[in-house]
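Participant: To be precise about what I am sending: the file is called query_25.cif and holds mmCIF, N, CA and C atoms.
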```cif
data_work
loop_
_atom_site.label_atom_id
_atom_site.label_comp_id
_atom_site.auth_asym_id
_atom_site.auth_seq_id
_atom_site.Cartn_x
_atom_site.Cartn_y
_atom_site.Cartn_z
N PHE A 1323 22.95 24.10 22.39
CA PHE A 1323 24.00 24.29 21.42
C PHE A 1323 23.98 25.74 20.97
N VAL A 1324 25.08 26.18 20.45
CA VAL A 1324 25.24 27.59 20.06
C VAL A 1324 24.64 27.79 18.68
N VAL A 1325 23.75 28.78 18.54
CA VAL A 1325 23.12 29.07 17.25
C VAL A 1325 23.55 30.42 16.70
N SER A 1326 24.35 31.15 17.44
CA SER A 1326 24.77 32.48 16.97
C SER A 1326 25.73 32.38 15.79
N ALA A 1327 26.40 31.25 15.61
CA ALA A 1327 27.35 31.09 14.51
C ALA A 1327 26.65 31.16 13.15
N PHE A 1328 25.41 30.70 13.08
CA PHE A 1328 24.67 30.75 11.81
C PHE A 1328 23.42 31.61 11.92
N GLU A 1329 23.37 32.49 12.90
CA GLU A 1329 22.29 33.44 13.13
C GLU A 1329 20.94 32.73 13.24
N GLY A 1330 20.93 31.63 13.95
CA GLY A 1330 19.69 30.89 14.15
C GLY A 1330 18.97 31.32 15.41
N LYS A 1331 17.77 30.76 15.64
CA LYS A 1331 16.98 31.05 16.82
C LYS A 1331 16.61 29.75 17.50
N LYS A 1332 16.46 29.83 18.80
CA LYS A 1332 15.99 28.68 19.57
C LYS A 1332 14.53 28.91 19.90
N SER A 1333 13.76 27.85 19.90
CA SER A 1333 12.34 27.97 20.26
C SER A 1333 11.90 26.68 20.92
N LEU A 1334 10.76 26.78 21.59
CA LEU A 1334 10.19 25.64 22.29
C LEU A 1334 8.80 25.40 21.71
N VAL A 1335 8.55 24.18 21.25
CA VAL A 1335 7.27 23.84 20.65
C VAL A 1335 6.53 22.92 21.60
N LEU A 1336 5.32 23.31 21.98
CA LEU A 1336 4.48 22.48 22.84
C LEU A 1336 3.41 21.82 21.99
N SER A 1337 3.22 20.54 22.18
CA SER A 1337 2.19 19.84 21.43
C SER A 1337 1.61 18.74 22.29
N THR A 1338 0.46 18.26 21.87
CA THR A 1338 -0.20 17.17 22.57
C THR A 1338 -0.12 15.93 21.68
N THR A 1339 0.44 14.87 22.21
CA THR A 1339 0.53 13.63 21.45
C THR A 1339 0.02 12.49 22.31
N SER A 1340 -0.33 11.43 21.65
CA SER A 1340 -0.76 10.23 22.37
C SER A 1340 0.45 9.32 22.55
N TRP A 1341 0.24 8.13 23.07
CA TRP A 1341 1.35 7.22 23.34
C TRP A 1341 1.98 6.66 22.08
N PHE A 1342 1.31 6.77 20.91
CA PHE A 1342 1.91 6.27 19.68
C PHE A 1342 2.19 7.38 18.69
N GLY A 1343 2.24 8.64 19.12
CA GLY A 1343 2.61 9.73 18.24
C GLY A 1343 1.50 10.72 18.05
N GLY A 1344 1.74 11.67 17.18
CA GLY A 1344 0.76 12.71 16.92
C GLY A 1344 -0.27 12.30 15.90
N ARG A 1345 -1.14 13.22 15.60
CA ARG A 1345 -2.21 12.95 14.65
C ARG A 1345 -1.65 13.01 13.23
N ASN A 1346 -1.97 12.01 12.44
CA ASN A 1346 -1.49 11.94 11.07
C ASN A 1346 -2.62 11.43 10.19
N PRO A 1347 -3.38 12.32 9.54
CA PRO A 1347 -4.50 11.86 8.72
C PRO A 1347 -4.07 11.12 7.46
N PHE A 1348 -2.85 11.33 6.99
CA PHE A 1348 -2.40 10.66 5.77
C PHE A 1348 -2.39 9.14 5.94
N LEU A 1349 -1.96 8.69 7.09
CA LEU A 1349 -1.85 7.25 7.32
C LEU A 1349 -3.22 6.57 7.26
N GLY A 1350 -4.23 7.18 7.85
CA GLY A 1350 -5.58 6.62 7.78
C GLY A 1350 -6.12 6.60 6.37
N VAL A 1351 -5.89 7.69 5.63
CA VAL A 1351 -6.35 7.75 4.23
C VAL A 1351 -5.62 6.71 3.39
N ALA A 1352 -4.33 6.52 3.64
CA ALA A 1352 -3.57 5.52 2.89
C ALA A 1352 -4.09 4.12 3.17
N TYR A 1353 -4.40 3.80 4.44
CA TYR A 1353 -4.95 2.48 4.77
C TYR A 1353 -6.30 2.25 4.09
N ILE A 1354 -7.17 3.26 4.11
CA ILE A 1354 -8.48 3.13 3.47
C ILE A 1354 -8.33 2.95 1.97
N THR A 1355 -7.43 3.71 1.35
CA THR A 1355 -7.22 3.63 -0.10
C THR A 1355 -6.68 2.26 -0.51
N VAL A 1356 -5.66 1.79 0.17
CA VAL A 1356 -5.08 0.49 -0.17
C VAL A 1356 -6.07 -0.64 0.10
N GLY A 1357 -6.81 -0.55 1.20
CA GLY A 1357 -7.83 -1.56 1.49
C GLY A 1357 -8.93 -1.59 0.45
N SER A 1358 -9.36 -0.41 0.01
CA SER A 1358 -10.40 -0.34 -1.03
C SER A 1358 -9.89 -0.91 -2.34
N LEU A 1359 -8.65 -0.60 -2.69
CA LEU A 1359 -8.07 -1.14 -3.92
C LEU A 1359 -7.99 -2.66 -3.86
N CYS A 1360 -7.60 -3.20 -2.72
CA CYS A 1360 -7.55 -4.66 -2.56
C CYS A 1360 -8.93 -5.29 -2.68
N MET A 1361 -9.94 -4.65 -2.11
CA MET A 1361 -11.30 -5.17 -2.21
C MET A 1361 -11.79 -5.17 -3.66
N VAL A 1362 -11.54 -4.08 -4.39
CA VAL A 1362 -11.96 -3.99 -5.79
C VAL A 1362 -11.25 -5.06 -6.62
N LEU A 1363 -9.95 -5.22 -6.42
CA LEU A 1363 -9.22 -6.24 -7.18
C LEU A 1363 -9.69 -7.65 -6.83
N SER A 1364 -9.99 -7.90 -5.57
CA SER A 1364 -10.47 -9.24 -5.22
C SER A 1364 -11.83 -9.52 -5.83
N ILE A 1365 -12.70 -8.52 -5.90
CA ILE A 1365 -14.00 -8.70 -6.55
C ILE A 1365 -13.83 -8.95 -8.04
N LEU A 1366 -12.90 -8.22 -8.68
CA LEU A 1366 -12.66 -8.42 -10.11
C LEU A 1366 -12.10 -9.82 -10.39
N PHE A 1367 -11.14 -10.26 -9.59
CA PHE A 1367 -10.58 -11.61 -9.79
C PHE A 1367 -11.63 -12.69 -9.52
N PHE A 1368 -12.47 -12.49 -8.53
CA PHE A 1368 -13.53 -13.45 -8.24
C PHE A 1368 -14.52 -13.53 -9.40
N ALA A 1369 -14.90 -12.37 -9.95
CA ALA A 1369 -15.83 -12.34 -11.09
C ALA A 1369 -15.21 -13.02 -12.30
N LYS A 1370 -13.93 -12.76 -12.57
CA LYS A 1370 -13.27 -13.41 -13.71
C LYS A 1370 -13.22 -14.92 -13.52
N HIS A 1371 -12.96 -15.35 -12.30
CA HIS A 1371 -12.90 -16.79 -12.03
C HIS A 1371 -14.27 -17.44 -12.20
N LYS A 1372 -15.33 -16.76 -11.80
CA LYS A 1372 -16.67 -17.33 -11.92
C LYS A 1372 -17.19 -17.28 -13.36
N LEU A 1373 -16.82 -16.26 -14.12
CA LEU A 1373 -17.32 -16.12 -15.49
C LEU A 1373 -16.56 -17.02 -16.46
N SER A 1374 -15.28 -17.19 -16.26
CA SER A 1374 -14.50 -18.05 -17.16
C SER A 1374 -13.57 -18.92 -16.32
N PRO A 1375 -14.11 -19.99 -15.74
CA PRO A 1375 -13.27 -20.85 -14.89
C PRO A 1375 -12.25 -21.62 -15.71
N ARG A 1376 -11.20 -22.02 -15.09
CA ARG A 1376 -10.14 -22.76 -15.73
C ARG A 1376 -9.96 -24.08 -14.99
N LYS A 1377 -9.94 -25.16 -15.75
CA LYS A 1377 -9.75 -26.47 -15.15
C LYS A 1377 -8.33 -26.59 -14.61
N LEU A 1378 -8.20 -27.15 -13.42
CA LEU A 1378 -6.90 -27.30 -12.79
C LEU A 1378 -6.04 -28.26 -13.61
N GLY A 1379 -4.83 -27.86 -13.94
CA GLY A 1379 -3.92 -28.70 -14.70
C GLY A 1379 -4.18 -28.67 -16.20
N ASP A 1380 -4.85 -27.66 -16.71
CA ASP A 1380 -5.15 -27.55 -18.13
C ASP A 1380 -3.86 -27.25 -18.89
N THR A 1381 -3.47 -28.13 -19.80
CA THR A 1381 -2.21 -27.98 -20.52
C THR A 1381 -2.29 -27.00 -21.67
N ARG A 1382 -3.46 -26.48 -21.98
CA ARG A 1382 -3.57 -25.50 -23.06
C ARG A 1382 -2.88 -24.19 -22.71
N TYR A 1383 -2.67 -23.93 -21.43
CA TYR A 1383 -2.05 -22.68 -21.00
C TYR A 1383 -0.52 -22.77 -20.95
N LEU A 1384 0.03 -23.94 -21.23
CA LEU A 1384 1.48 -24.12 -21.21
C LEU A 1384 2.06 -23.83 -22.57
N VAL A 1385 3.27 -23.31 -22.59
CA VAL A 1385 3.98 -23.03 -23.84
C VAL A 1385 5.17 -23.97 -23.89
N TRP A 1386 5.23 -24.77 -24.94
CA TRP A 1386 6.32 -25.73 -25.10
C TRP A 1386 7.25 -25.24 -26.19
N LYS A 1387 8.54 -25.28 -25.89
CA LYS A 1387 9.54 -24.89 -26.89
C LYS A 1387 10.24 -26.15 -27.38
N ASN A 1388 10.27 -26.31 -28.69
CA ASN A 1388 10.97 -27.44 -29.30
C ASN A 1388 12.33 -26.97 -29.77
N ASN A 1389 13.38 -27.52 -29.20
CA ASN A 1389 14.75 -27.16 -29.60
C ASN A 1389 15.26 -28.20 -30.58
N GLN A 1390 14.80 -28.12 -31.81
CA GLN A 1390 15.22 -29.09 -32.82
C GLN A 1390 15.98 -28.41 -33.91
#
```
Have the structure of the file written as structure tokens, please.

Facilitator:
Amino acid sequence: FVVSAFEGKKSLVLSTTSWFGGRNPFLGVAYITVGSLCMVLSILFFAKHKLSPRKLGDTRYLVWKNNQ
């Protein structure tokens, strides 16, 4: 395509990529961060469940509204 209209330049970039794209360290860091956050939250929820268990079907946690 013509680049002289906007005084642009053409260039050729050579790079080495694998079959699924180039190297991207952000994606690996994001996976590790999200995985670590999920592990921490699962440990916290497990600890809360073991320290203060709740009986299944406990009606004390329900809120009833009386429309009288």

Participant: Would you please give, as a PDB file with N, CA and C atoms, keeping the file's coordinate frame, all residues of chain A that DSSP assigns to helix (DSSP H, G or I) based on the backbone?

Facilitator:
```
ATOM      1  N   SER A1326      24.350  31.150  17.440  1.00  0.00           N
ATOM      2  CA  SER A1326      24.770  32.480  16.970  1.00  0.00           C
ATOM      3  C   SER A1326      25.730  32.380  15.790  1.00  0.00           C
ATOM      4  N   ALA A1327      26.400  31.250  15.610  1.00  0.00           N
ATOM      5  CA  ALA A1327      27.350  31.090  14.510  1.00  0.00           C
ATOM      6  C   ALA A1327      26.650  31.160  13.150  1.00  0.00           C
ATOM      7  N   PHE A1328      25.410  30.700  13.080  1.00  0.00           N
ATOM      8  CA  PHE A1328      24.670  30.750  11.810  1.00  0.00           C
ATOM      9  C   PHE A1328      23.420  31.610  11.920  1.00  0.00           C
ATOM     10  N   PRO A1347      -3.380  12.320   9.540  1.00  0.00           N
ATOM     11  CA  PRO A1347      -4.500  11.860   8.720  1.00  0.00           C
ATOM     12  C   PRO A1347      -4.070  11.120   7.460  1.00  0.00           C
ATOM     13  N   PHE A1348      -2.850  11.330   6.990  1.00  0.00           N
ATOM     14  CA  PHE A1348      -2.400  10.660   5.770  1.00  0.00           C
ATOM     15  C   PHE A1348      -2.390   9.140   5.940  1.00  0.00           C
ATOM     16  N   LEU A1349      -1.960   8.690   7.090  1.00  0.00           N
ATOM     17  CA  LEU A1349      -1.850   7.250   7.320  1.00  0.00           C
ATOM     18  C   LEU A1349      -3.220   6.570   7.260  1.00  0.00           C
ATOM     19  N   GLY A1350      -4.230   7.180   7.850  1.00  0.00           N
ATOM     20  CA  GLY A1350      -5.580   6.620   7.780  1.00  0.00           C
ATOM     21  C   GLY A1350      -6.120   6.600   6.370  1.00  0.00           C
ATOM     22  N   VAL A1351      -5.890   7.690   5.630  1.00  0.00           N
ATOM     23  CA  VAL A1351      -6.350   7.750   4.230  1.00  0.00           C
ATOM     24  C   VAL A1351      -5.620   6.710   3.390  1.00  0.00           C
ATOM     25  N   ALA A1352      -4.330   6.520   3.640  1.00  0.00           N
ATOM     26  CA  ALA A1352      -3.570   5.520   2.890  1.00  0.00           C
ATOM     27  C   ALA A1352      -4.090   4.120   3.170  1.00  0.00           C
ATOM     28  N   TYR A1353      -4.400   3.800   4.440  1.00  0.00           N
ATOM     29  CA  TYR A1353      -4.950   2.480   4.770  1.00  0.00           C
ATOM     30  C   TYR A1353      -6.300   2.250   4.090  1.00  0.00           C
ATOM     31  N   ILE A1354      -7.170   3.260   4.110  1.00  0.00           N
ATOM     32  CA  ILE A1354      -8.480   3.130   3.470  1.00  0.00           C
ATOM     33  C   ILE A1354      -8.330   2.950   1.970  1.00  0.00           C
ATOM     34  N   THR A1355      -7.430   3.710   1.350  1.00  0.00           N
ATOM     35  CA  THR A1355      -7.220   3.630  -0.100  1.00  0.00           C
ATOM     36  C   THR A1355      -6.680   2.260  -0.510  1.00  0.00           C
ATOM     37  N   VAL A1356      -5.660   1.790   0.170  1.00  0.00           N
ATOM     38  CA  VAL A1356      -5.080   0.490  -0.170  1.00  0.00           C
ATOM     39  C   VAL A1356      -6.070  -0.640   0.100  1.00  0.00           C
ATOM     40  N   GLY A1357      -6.810  -0.550   1.200  1.00  0.00           N
ATOM     41  CA  GLY A1357      -7.830  -1.560   1.490  1.00  0.00           C
ATOM     42  C   GLY A1357      -8.930  -1.590   0.450  1.00  0.00           C
ATOM     43  N   SER A1358      -9.360  -0.410   0.010  1.00  0.00           N
ATOM     44  CA  SER A1358     -10.400  -0.340  -1.030  1.00  0.00           C
ATOM     45  C   SER A1358      -9.890  -0.910  -2.340  1.00  0.00           C
ATOM     46  N   LEU A1359      -8.650  -0.600  -2.690  1.00  0.00           N
ATOM     47  CA  LEU A1359      -8.070  -1.140  -3.920  1.00  0.00           C
ATOM     48  C   LEU A1359      -7.990  -2.660  -3.860  1.00  0.00           C
ATOM     49  N   CYS A1360      -7.600  -3.200  -2.720  1.00  0.00           N
ATOM     50  CA  CYS A1360      -7.550  -4.660  -2.560  1.00  0.00           C
ATOM     51  C   CYS A1360      -8.930  -5.290  -2.680  1.00  0.00           C
ATOM     52  N   MET A1361      -9.940  -4.650  -2.110  1.00  0.00           N
ATOM     53  CA  MET A1361     -11.300  -5.170  -2.210  1.00  0.00           C
ATOM     54  C   MET A1361     -11.790  -5.170  -3.660  1.00  0.00           C
ATOM     55  N   VAL A1362     -11.540  -4.080  -4.390  1.00  0.00           N
ATOM     56  CA  VAL A1362     -11.960  -3.990  -5.790  1.00  0.00           C
ATOM     57  C   VAL A1362     -11.250  -5.060  -6.620  1.00  0.00           C
ATOM     58  N   LEU A1363      -9.950  -5.220  -6.420  1.00  0.00           N
ATOM     59  CA  LEU A1363      -9.220  -6.240  -7.180  1.00  0.00           C
ATOM     60  C   LEU A1363      -9.690  -7.650  -6.830  1.00  0.00           C
ATOM     61  N   SER A1364      -9.990  -7.900  -5.570  1.00  0.00           N
ATOM     62  CA  SER A1364     -10.470  -9.240  -5.220  1.00  0.00           C
ATOM     63  C   SER A1364     -11.830  -9.520  -5.830  1.00  0.00           C
ATOM     64  N   ILE A1365     -12.700  -8.520  -5.900  1.00  0.00           N
ATOM     65  CA  ILE A1365     -14.000  -8.700  -6.550  1.00  0.00           C
ATOM     66  C   ILE A1365     -13.830  -8.950  -8.040  1.00  0.00           C
ATOM     67  N   LEU A1366     -12.900  -8.220  -8.680  1.00  0.00           N
ATOM     68  CA  LEU A1366     -12.660  -8.420 -10.110  1.00  0.00           C
ATOM     69  C   LEU A1366     -12.100  -9.820 -10.390  1.00  0.00           C
ATOM     70  N   PHE A1367     -11.140 -10.260  -9.590  1.00  0.00           N
ATOM     71  CA  PHE A1367     -10.580 -11.610  -9.790  1.00  0.00           C
ATOM     72  C   PHE A1367     -11.630 -12.690  -9.520  1.00  0.00           C
ATOM     73  N   PHE A1368     -12.470 -12.490  -8.530  1.00  0.00           N
ATOM     74  CA  PHE A1368     -13.530 -13.450  -8.240  1.00  0.00           C
ATOM     75  C   PHE A1368     -14.520 -13.530  -9.400  1.00  0.00           C
ATOM     76  N   ALA A1369     -14.900 -12.370  -9.950  1.00  0.00           N
ATOM     77  CA  ALA A1369     -15.830 -12.340 -11.090  1.00  0.00           C
ATOM     78  C   ALA A1369     -15.210 -13.020 -12.300  1.00  0.00           C
ATOM     79  N   LYS A1370     -13.930 -12.760 -12.570  1.00  0.00           N
ATOM     80  CA  LYS A1370     -13.270 -13.410 -13.710  1.00  0.00           C
ATOM     81  C   LYS A1370     -13.220 -14.920 -13.520  1.00  0.00           C
ATOM     82  N   HIS A1371     -12.960 -15.350 -12.300  1.00  0.00           N
ATOM     83  CA  HIS A1371     -12.900 -16.790 -12.030  1.00  0.00           C
ATOM     84  C   HIS A1371     -14.270 -17.440 -12.200  1.00  0.00           C
ATOM     85  N   LYS A1372     -15.330 -16.760 -11.800  1.00  0.00           N
ATOM     86  CA  LYS A1372     -16.670 -17.330 -11.920  1.00  0.00           C
ATOM     87  C   LYS A1372     -17.190 -17.280 -13.360  1.00  0.00           C
ATOM     88  N   LEU A1373     -16.820 -16.260 -14.120  1.00  0.00           N
ATOM     89  CA  LEU A1373     -17.320 -16.120 -15.490  1.00  0.00           C
ATOM     90  C   LEU A1373     -16.560 -17.020 -16.460  1.00  0.00           C
ATOM     91  N   THR A1381      -3.470 -28.130 -19.800  1.00  0.00           N
ATOM     92  CA  THR A1381      -2.210 -27.980 -20.520  1.00  0.00           C
ATOM     93  C   THR A1381      -2.290 -27.000 -21.670  1.00  0.00           C
ATOM     94  N   ARG A1382      -3.460 -26.480 -21.980  1.00  0.00           N
ATOM     95  CA  ARG A1382      -3.570 -25.500 -23.060  1.00  0.00           C
ATOM     96  C   ARG A1382      -2.880 -24.190 -22.710  1.00  0.00           C
ATOM     97  N   TYR A1383      -2.670 -23.930 -21.430  1.00  0.00           N
ATOM     98  CA  TYR A1383      -2.050 -22.680 -21.000  1.00  0.00           C
ATOM     99  C   TYR A1383      -0.520 -22.770 -20.950  1.00  0.00           C
TER     100      TYR A1383
END
```

Participant: Could you state the separation of atom C of Ile1365 of chain A and atom CA of Thr1381 of chain A in Å, given to one decimal place?

Facilitator: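 These atoms are spaced 25.6 Å apart.
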
Participant: Enter the distance from atom N of Leu1363 of chain A to atom C of Val1351 of chain A, in Å, rounded to one decimal.

Facilitator: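 Answer for the atom N of Leu1363 of chain A to atom C of Val1351 of chain A separation: 16.0 Å.
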
Participant: Tell me, in Å to one decimal, how far atom N of Arg1345 of chain A is from atom C of Ser1333 of chain A.

Facilitator: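 If I compute the distance from atom N of Arg1345 of chain A to atom C of Ser1333 of chain A, I get 19.5 Å.
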
Participant: Mind dumping a table of every segment 1330-1355 of chain A residue within 8 Å of segment 1359-1362 of chain A, with the nearest atom pair and its distance in Å to one decimal, using only N, CA and C atoms, sorted by chain and rising number, as JSON lines?

Facilitator:
```
{"residue": "A:Tyr1353", "atom": "C", "partner": "A:Leu1359", "partner_atom": "N", "distance": 7.7}
{"residue": "A:Ile1354", "atom": "C", "partner": "A:Leu1359", "partner_atom": "N", "distance": 5.9}
{"residue": "A:Thr1355", "atom": "C", "partner": "A:Leu1359", "partner_atom": "N", "distance": 4.1}
```
